$ cat target.pdb   # PDB, C-alpha atoms, pLDDT in the B column
ATOM      1  CA  MET F 272    -126.032 144.190 231.123  1.00 84.00           C
ATOM      2  CA  GLN F 273    -128.361 143.285 233.998  1.00 83.00           C
ATOM      3  CA  PRO F 274    -125.583 142.342 236.463  1.00 83.00           C
ATOM      4  CA  LEU F 275    -123.977 145.729 235.800  1.00 79.00           C
ATOM      5  CA  ILE F 276    -127.271 147.516 236.416  1.00 83.00           C
ATOM      6  CA  ASP F 277    -127.838 145.543 239.622  1.00 81.00           C
ATOM      7  CA  ASN F 278    -124.412 146.515 240.926  1.00 76.00           C
ATOM      8  CA  ALA F 279    -124.945 150.178 240.010  1.00 78.00           C
ATOM      9  CA  ARG F 280    -128.207 150.186 241.998  1.00 77.00           C
ATOM     10  CA  THR F 281    -126.463 149.046 245.185  1.00 79.00           C
ATOM     11  CA  PHE F 282    -123.166 150.851 244.626  1.00 77.00           C
ATOM     12  CA  GLY F 283    -124.300 154.173 246.106  1.00 72.00           C
ATOM     13  CA  GLN F 284    -125.721 152.604 249.264  1.00 76.00           C
ATOM     14  CA  ARG F 285    -122.430 153.218 251.123  1.00 73.00           C
ATOM     15  CA  PRO F 286    -122.186 157.031 250.931  1.00 77.00           C
ATOM     16  CA  GLU F 287    -119.747 157.236 253.840  1.00 78.00           C
ATOM     17  CA  GLU F 288    -117.158 155.456 251.701  1.00 75.00           C
ATOM     18  CA  PHE F 289    -117.407 158.100 248.998  1.00 80.00           C
ATOM     19  CA  ALA F 290    -117.953 161.360 250.922  1.00 84.00           C
ATOM     20  CA  ARG F 291    -114.247 162.275 250.909  1.00 84.00           C
ATOM     21  CA  LEU F 292    -114.178 162.083 247.104  1.00 86.00           C
ATOM     22  CA  ALA F 293    -116.324 165.235 246.944  1.00 87.00           C
ATOM     23  CA  GLU F 294    -113.389 167.192 248.408  1.00 87.00           C
ATOM     24  CA  GLY F 295    -111.334 166.712 245.226  1.00 88.00           C
ATOM     25  CA  GLN F 296    -108.741 164.408 243.796  1.00 91.00           C
ATOM     26  CA  SER F 297    -105.013 164.055 244.254  1.00 90.00           C
ATOM     27  CA  PRO F 298    -103.886 160.989 242.321  1.00 96.00           C
ATOM     28  CA  GLN F 299    -100.161 160.291 242.270  1.00 95.00           C
ATOM     29  CA  VAL F 300    -100.222 158.386 238.975  1.00 97.00           C
ATOM     30  CA  LEU F 301    -101.493 158.929 235.445  1.00 98.00           C
ATOM     31  CA  PHE F 302    -102.172 155.465 234.033  1.00 98.00           C
ATOM     32  CA  ILE F 303    -102.274 155.367 230.220  1.00 98.00           C
ATOM     33  CA  THR F 304    -103.549 152.102 228.842  1.00 98.00           C
ATOM     34  CA  CYS F 305    -105.671 150.507 226.151  1.00 97.00           C
ATOM     35  CA  SER F 306    -109.433 150.747 226.128  1.00 96.00           C
ATOM     36  CA  ASP F 307    -109.578 146.927 225.946  1.00 97.00           C
ATOM     37  CA  SER F 308    -112.187 145.646 228.414  1.00 97.00           C
ATOM     38  CA  ARG F 309    -109.775 143.031 229.780  1.00 97.00           C
ATOM     39  CA  VAL F 310    -107.432 145.722 231.087  1.00 97.00           C
ATOM     40  CA  VAL F 311    -108.750 147.201 234.359  1.00 97.00           C
ATOM     41  CA  PRO F 312    -106.204 149.601 235.889  1.00 97.00           C
ATOM     42  CA  ALA F 313    -107.757 149.692 239.370  1.00 95.00           C
ATOM     43  CA  LEU F 314    -107.922 145.901 239.444  1.00 95.00           C
ATOM     44  CA  ILE F 315    -104.314 145.528 238.269  1.00 96.00           C
ATOM     45  CA  THR F 316    -102.962 148.084 240.754  1.00 96.00           C
ATOM     46  CA  GLY F 317    -105.442 147.706 243.607  1.00 94.00           C
ATOM     47  CA  ALA F 318    -106.142 151.451 243.405  1.00 94.00           C
ATOM     48  CA  ARG F 319    -109.152 152.916 245.163  1.00 89.00           C
ATOM     49  CA  PRO F 320    -111.259 155.784 243.771  1.00 90.00           C
ATOM     50  CA  GLY F 321    -109.160 158.941 243.561  1.00 91.00           C
ATOM     51  CA  GLU F 322    -105.787 157.168 243.416  1.00 93.00           C
ATOM     52  CA  LEU F 323    -105.345 156.808 239.625  1.00 96.00           C
ATOM     53  CA  PHE F 324    -105.940 159.334 236.875  1.00 98.00           C
ATOM     54  CA  GLU F 325    -106.694 157.237 233.802  1.00 98.00           C
ATOM     55  CA  LEU F 326    -106.283 157.760 230.087  1.00 98.00           C
ATOM     56  CA  ARG F 327    -107.584 154.943 227.943  1.00 97.00           C
ATOM     57  CA  THR F 328    -107.052 154.928 224.202  1.00 95.00           C
ATOM     58  CA  ALA F 329    -107.226 152.262 221.536  1.00 94.00           C
ATOM     59  CA  GLY F 330    -103.791 150.647 221.614  1.00 94.00           C
ATOM     60  CA  ASN F 331    -102.637 152.916 224.486  1.00 96.00           C
ATOM     61  CA  ILE F 332    -101.477 155.342 221.808  1.00 95.00           C
ATOM     62  CA  VAL F 333    -100.049 158.697 222.858  1.00 95.00           C
ATOM     63  CA  PRO F 334    -100.627 160.946 219.836  1.00 94.00           C
ATOM     64  CA  PRO F 335     -98.030 163.489 218.743  1.00 92.00           C
ATOM     65  CA  TYR F 336     -98.078 166.724 220.715  1.00 93.00           C
ATOM     66  CA  ALA F 337     -99.412 169.660 218.707  1.00 88.00           C
ATOM     67  CA  SER F 338    -100.386 172.766 220.668  1.00 83.00           C
ATOM     68  CA  ASP F 339    -102.231 174.193 217.668  1.00 89.00           C
ATOM     69  CA  HIS F 340    -104.457 171.073 217.437  1.00 88.00           C
ATOM     70  CA  PRO F 341    -104.985 169.827 221.003  1.00 89.00           C
ATOM     71  CA  THR F 342    -106.319 166.323 221.479  1.00 92.00           C
ATOM     72  CA  SER F 343    -108.253 164.903 224.384  1.00 95.00           C
ATOM     73  CA  GLU F 344    -105.216 162.767 225.181  1.00 96.00           C
ATOM     74  CA  ALA F 345    -102.874 165.786 225.286  1.00 96.00           C
ATOM     75  CA  CYS F 346    -105.341 167.643 227.521  1.00 97.00           C
ATOM     76  CA  THR F 347    -105.521 164.700 229.928  1.00 98.00           C
ATOM     77  CA  ILE F 348    -101.732 164.390 230.089  1.00 98.00           C
ATOM     78  CA  GLU F 349    -101.231 168.117 230.580  1.00 97.00           C
ATOM     79  CA  TYR F 350    -103.918 168.312 233.281  1.00 98.00           C
ATOM     80  CA  ALA F 351    -102.464 165.334 235.150  1.00 98.00           C
ATOM     81  CA  VAL F 352     -98.950 166.792 235.098  1.00 98.00           C
ATOM     82  CA  GLU F 353     -99.588 170.519 235.507  1.00 97.00           C
ATOM     83  CA  VAL F 354    -102.741 170.657 237.636  1.00 97.00           C
ATOM     84  CA  LEU F 355    -102.823 167.382 239.558  1.00 97.00           C
ATOM     85  CA  GLY F 356     -99.047 167.126 239.843  1.00 97.00           C
ATOM     86  CA  VAL F 357     -98.818 163.392 239.328  1.00 98.00           C
ATOM     87  CA  GLN F 358     -95.413 161.991 240.192  1.00 97.00           C
ATOM     88  CA  ASP F 359     -95.515 159.001 237.849  1.00 98.00           C
ATOM     89  CA  ILE F 360     -96.953 158.212 234.445  1.00 98.00           C
ATOM     90  CA  VAL F 361     -97.382 154.556 233.498  1.00 98.00           C
ATOM     91  CA  VAL F 362     -97.920 153.530 229.880  1.00 98.00           C
ATOM     92  CA  CYS F 363     -99.309 150.004 230.106  1.00 98.00           C
ATOM     93  CA  GLY F 364     -99.608 147.787 227.056  1.00 97.00           C
ATOM     94  CA  HIS F 365    -101.147 144.323 227.175  1.00 97.00           C
ATOM     95  CA  SER F 366    -100.935 140.922 225.584  1.00 96.00           C
ATOM     96  CA  HIS F 367    -103.403 139.984 222.877  1.00 95.00           C
ATOM     97  CA  CYS F 368    -103.835 143.651 221.910  1.00 95.00           C
ATOM     98  CA  GLY F 369    -106.060 143.920 218.858  1.00 93.00           C
ATOM     99  CA  ALA F 370    -104.678 147.323 217.853  1.00 93.00           C
ATOM    100  CA  VAL F 371    -101.032 146.268 217.965  1.00 93.00           C
ATOM    101  CA  GLY F 372    -101.881 142.925 216.364  1.00 91.00           C
ATOM    102  CA  ALA F 373    -103.583 144.726 213.470  1.00 91.00           C
ATOM    103  CA  LEU F 374    -100.482 146.859 212.945  1.00 90.00           C
ATOM    104  CA  VAL F 375     -98.120 143.880 213.090  1.00 88.00           C
ATOM    105  CA  ARG F 376    -100.206 141.790 210.700  1.00 87.00           C
ATOM    106  CA  GLY F 377    -100.970 144.715 208.388  1.00 89.00           C
ATOM    107  CA  ASP F 378    -104.707 144.059 208.654  1.00 92.00           C
ATOM    108  CA  ASP F 379    -107.007 145.724 206.133  1.00 95.00           C
ATOM    109  CA  LEU F 380    -108.873 148.329 208.200  1.00 95.00           C
ATOM    110  CA  THR F 381    -110.820 150.019 205.399  1.00 96.00           C
ATOM    111  CA  ALA F 382    -114.116 148.942 207.018  1.00 97.00           C
ATOM    112  CA  VAL F 383    -113.157 150.865 210.172  1.00 96.00           C
ATOM    113  CA  PRO F 384    -111.622 154.115 208.894  1.00 95.00           C
ATOM    114  CA  ALA F 385    -111.587 155.871 212.270  1.00 94.00           C
ATOM    115  CA  VAL F 386    -109.639 152.942 213.755  1.00 94.00           C
ATOM    116  CA  ARG F 387    -107.280 152.896 210.771  1.00 92.00           C
ATOM    117  CA  ASP F 388    -106.616 156.636 211.059  1.00 92.00           C
ATOM    118  CA  TRP F 389    -106.136 156.459 214.849  1.00 92.00           C
ATOM    119  CA  LEU F 390    -103.636 153.609 214.549  1.00 91.00           C
ATOM    120  CA  ALA F 391    -101.651 155.760 212.132  1.00 87.00           C
ATOM    121  CA  HIS F 392    -100.661 157.741 215.267  1.00 81.00           C
ATOM    122  CA  ALA F 393     -98.754 154.738 216.614  1.00 77.00           C
ATOM    123  CA  ALA F 394     -95.284 156.391 216.555  1.00 63.00           C
ATOM    124  CA  ASP F 395     -93.735 153.454 214.630  1.00 66.00           C
ATOM    125  CA  GLU F 396     -95.066 150.131 213.430  1.00 65.00           C
ATOM    126  CA  PRO F 397     -94.403 147.773 216.339  1.00 66.00           C
ATOM    127  CA  ARG F 398     -91.641 145.298 215.547  1.00 67.00           C
ATOM    128  CA  SER F 399     -92.042 141.609 216.235  1.00 64.00           C
ATOM    129  CA  ALA F 400     -89.937 138.607 215.337  1.00 61.00           C
ATOM    130  CA  ASP F 401     -93.064 136.424 215.423  1.00 67.00           C
ATOM    131  CA  SER F 402     -96.101 138.048 213.789  1.00 62.00           C
ATOM    132  CA  ALA F 403     -98.040 134.798 214.327  1.00 68.00           C
ATOM    133  CA  ASP F 404     -97.785 135.114 218.151  1.00 76.00           C
ATOM    134  CA  PRO F 405    -101.394 135.717 219.301  1.00 78.00           C
ATOM    135  CA  ALA F 406    -100.132 137.555 222.398  1.00 83.00           C
ATOM    136  CA  VAL F 407     -98.021 139.894 220.195  1.00 90.00           C
ATOM    137  CA  ALA F 408     -95.835 140.271 223.303  1.00 92.00           C
ATOM    138  CA  GLU F 409     -92.666 141.574 221.667  1.00 92.00           C
ATOM    139  CA  ALA F 410     -94.602 143.986 219.454  1.00 92.00           C
ATOM    140  CA  VAL F 411     -96.629 145.341 222.379  1.00 94.00           C
ATOM    141  CA  GLN F 412     -93.498 145.882 224.448  1.00 95.00           C
ATOM    142  CA  ASN F 413     -91.813 147.727 221.571  1.00 93.00           C
ATOM    143  CA  HIS F 414     -94.993 149.739 221.120  1.00 94.00           C
ATOM    144  CA  VAL F 415     -94.978 150.743 224.812  1.00 96.00           C
ATOM    145  CA  LEU F 416     -91.399 152.000 224.445  1.00 95.00           C
ATOM    146  CA  ALA F 417     -92.367 154.047 221.373  1.00 93.00           C
ATOM    147  CA  GLN F 418     -95.262 155.603 223.313  1.00 95.00           C
ATOM    148  CA  LEU F 419     -92.916 156.469 226.202  1.00 96.00           C
ATOM    149  CA  LEU F 420     -90.674 158.353 223.768  1.00 95.00           C
ATOM    150  CA  ARG F 421     -93.697 160.160 222.364  1.00 94.00           C
ATOM    151  CA  LEU F 422     -94.876 161.014 225.885  1.00 97.00           C
ATOM    152  CA  ARG F 423     -91.471 162.462 226.786  1.00 97.00           C
ATOM    153  CA  SER F 424     -91.821 164.881 223.852  1.00 95.00           C
ATOM    154  CA  TYR F 425     -94.771 166.640 225.522  1.00 97.00           C
ATOM    155  CA  PRO F 426     -93.367 169.924 226.920  1.00 97.00           C
ATOM    156  CA  CYS F 427     -94.913 169.518 230.378  1.00 97.00           C
ATOM    157  CA  VAL F 428     -93.618 165.953 230.665  1.00 98.00           C
ATOM    158  CA  GLU F 429     -90.183 166.822 229.332  1.00 98.00           C
ATOM    159  CA  GLN F 430     -89.798 169.678 231.858  1.00 98.00           C
ATOM    160  CA  ARG F 431     -90.966 167.661 234.869  1.00 98.00           C
ATOM    161  CA  VAL F 432     -88.841 164.636 233.984  1.00 98.00           C
ATOM    162  CA  ALA F 433     -85.778 166.865 233.560  1.00 97.00           C
ATOM    163  CA  SER F 434     -86.368 168.453 236.984  1.00 97.00           C
ATOM    164  CA  GLY F 435     -86.832 165.058 238.654  1.00 97.00           C
ATOM    165  CA  GLN F 436     -90.463 165.754 239.571  1.00 97.00           C
ATOM    166  CA  LEU F 437     -91.893 163.094 237.273  1.00 98.00           C
ATOM    167  CA  ARG F 438     -91.045 159.521 236.302  1.00 98.00           C
ATOM    168  CA  VAL F 439     -92.386 157.718 233.242  1.00 98.00           C
ATOM    169  CA  ARG F 440     -92.712 153.956 233.313  1.00 98.00           C
ATOM    170  CA  GLY F 441     -93.505 151.294 230.738  1.00 98.00           C
ATOM    171  CA  TRP F 442     -95.549 148.289 231.819  1.00 98.00           C
ATOM    172  CA  TYR F 443     -96.667 145.144 230.029  1.00 98.00           C
ATOM    173  CA  TYR F 444     -99.723 143.274 231.336  1.00 97.00           C
ATOM    174  CA  GLU F 445    -100.482 139.669 230.365  1.00 97.00           C
ATOM    175  CA  VAL F 446    -104.248 139.254 230.184  1.00 96.00           C
ATOM    176  CA  HIS F 447    -103.941 135.453 230.222  1.00 95.00           C
ATOM    177  CA  THR F 448    -101.858 135.261 233.434  1.00 96.00           C
ATOM    178  CA  GLY F 449    -102.347 138.570 235.258  1.00 96.00           C
ATOM    179  CA  ALA F 450     -98.563 139.095 235.348  1.00 96.00           C
ATOM    180  CA  VAL F 451     -97.229 142.651 235.116  1.00 97.00           C
ATOM    181  CA  ARG F 452     -93.743 143.496 233.915  1.00 97.00           C
ATOM    182  CA  GLU F 453     -91.960 146.845 233.911  1.00 97.00           C
ATOM    183  CA  HIS F 454     -89.335 148.022 231.462  1.00 98.00           C
ATOM    184  CA  ARG F 455     -85.921 148.350 233.088  1.00 96.00           C
ATOM    185  CA  ALA F 456     -83.589 150.761 231.323  1.00 93.00           C
ATOM    186  CA  ASP F 457     -80.455 149.102 232.720  1.00 94.00           C
ATOM    187  CA  THR F 458     -81.271 145.754 231.092  1.00 95.00           C
ATOM    188  CA  ASP F 459     -83.531 147.125 228.302  1.00 94.00           C
ATOM    189  CA  SER F 460     -86.054 144.394 229.090  1.00 95.00           C
ATOM    190  CA  PHE F 461     -89.458 143.989 230.688  1.00 97.00           C
ATOM    191  CA  GLU F 462     -89.071 142.299 234.068  1.00 96.00           C
ATOM    192  CA  SER F 463     -91.486 141.297 236.832  1.00 94.00           C
ATOM    193  CA  LEU F 464     -92.419 144.086 239.201  1.00 90.00           C
TER     194      LEU F 464
END
$ encode --input "target.pdb" --output "structure tokens"
Amino acid sequence: MQPLIDNARTFGQRPEEFARLAEGQSPQVLFITCSDSRVVPALITGARPGELFELRTAGNIVPPYASDHPTSEACTIEYAVEVLGVQDIVVCGHSHCGAVGALVRGDDLTAVPAVRDWLAHAADEPRSADSADPAVAEAVQNHVLAQLLRLRSYPCVEQRVASGQLRVRGWYYEVHTGAVREHRADTDSFESL
């Protein structure tokens, strides 16, 4: 913890770099990814403060849309699309994902009931030909595609995509190499950016 505290102490000593941030934000991208500490959206994309609007959830899960029971995730998505007017939404899964791995392996999650109940929101159980793969690559990629479908069911997303004002993208990040791949609809595969 001490290195983090030391950095926080010196972080604000360059106020001129941050003054413009007080004027507001206008990110072009909503980046939905896992809360895993190895996944750092600004590091992956090179984004500076104010350039990414982030939504981090266990397993980068986009829960079902239900206007009568709004979730924090739905509020973040709606705000990004309707108020900030983002032009792209990226759903980024990652290798070695504990949430997806637990789903693939059918882990007993009774000791962590909140985690178990959250993972029940995972659209479908991610499919994988090799459940022993520690990277769970195929399962994570299938999971990203399921979350993209779920995301497209949100009314604000559906309307903006249909009008051509919004694009949704599926990414897969390898924590062990730093490589990023994007899903290509024409080949139905994840390919290097």
$ resolve_selection --input "target.pdb" --expression "the PyMOL selection byres ((chain F and resi 297) around 10)" --output "list of chain:residue names"
F:Leu292, F:Glu294, F:Gly295, F:Gln296, F:Pro298, F:Gln299, F:Val300, F:Gly321, F:Glu322, F:Leu323, F:Phe324, F:Ala351, F:Val354, F:Leu355, F:Gly356, F:Val357
$ resolve_selection --input "target.pdb" --expression "the PyMOL selection byres ((chain F and resi 348) around 12)" --output "PyMOL selection string"
chain F and resi 300-303+324-327+333-336+341-347+349-357+359-362+421-429+439
$ closest_residue --input "target.pdb" --among "F:Ala385, F:Ser338, F:Ile315, F:Pro274" --to "Trp442 of chain F" --atoms "only C-alpha atoms"
F:Ile315
$ atom_distance --input "target.pdb" --atom1 "atom CA of Cys305 of chain F" --atom2 "atom CA of Ala329 of chain F"
5.2 Å
$ closest_residue --input "target.pdb" --among "F:Glu453, F:Asp378, F:Glu445, F:Asp459" --to "Arg309 of chain F" --atoms "only C-alpha atoms"
F:Glu445
$ atom_distance --input "target.pdb" --atom1 "atom CA of Val446 of chain F" --atom2 "atom CA of Val411 of chain F"
12.5 Å
$ residues_near_point --input "target.pdb" --point "(-101.3, 155.7, 213.4)" --cutoff "12 Å" --atoms "only C-alpha atoms" --output "ChimeraX atom specification"
/F:329-335,370-371,373-374,380,384-397,414,418
$ atom_distance --input "target.pdb" --atom1 "atom CA of Gln358 of chain F" --atom2 "atom CA of Val451 of chain F"
20.1 Å
$ closest_residue --input "target.pdb" --among "F:Gly449, F:Gly283, F:Gly441, F:Gly364" --to "Thr328 of chain F" --atoms "all atoms listed in the file"
F:Gly364
$ closest_residue --input "target.pdb" --among "F:Arg280, F:Asp404, F:Pro320, F:Ser308" --to "Ala293 of chain F" --atoms "all atoms listed in the file"
F:Pro320
$ residues_around --input "target.pdb" --residues "Val407 of chain F" --least-positions-apart "6" --cutoff "7 Å" --atoms "all atoms listed in the file" --output "MDAnalysis selection string"
chainID F and resid 366:367 372
$ resolve_selection --input "target.pdb" --expression "the PyMOL selection byres ((chain F and resi 463) around 8)" --output "PyMOL selection string"
chain F and resi 450-453+461-462+464
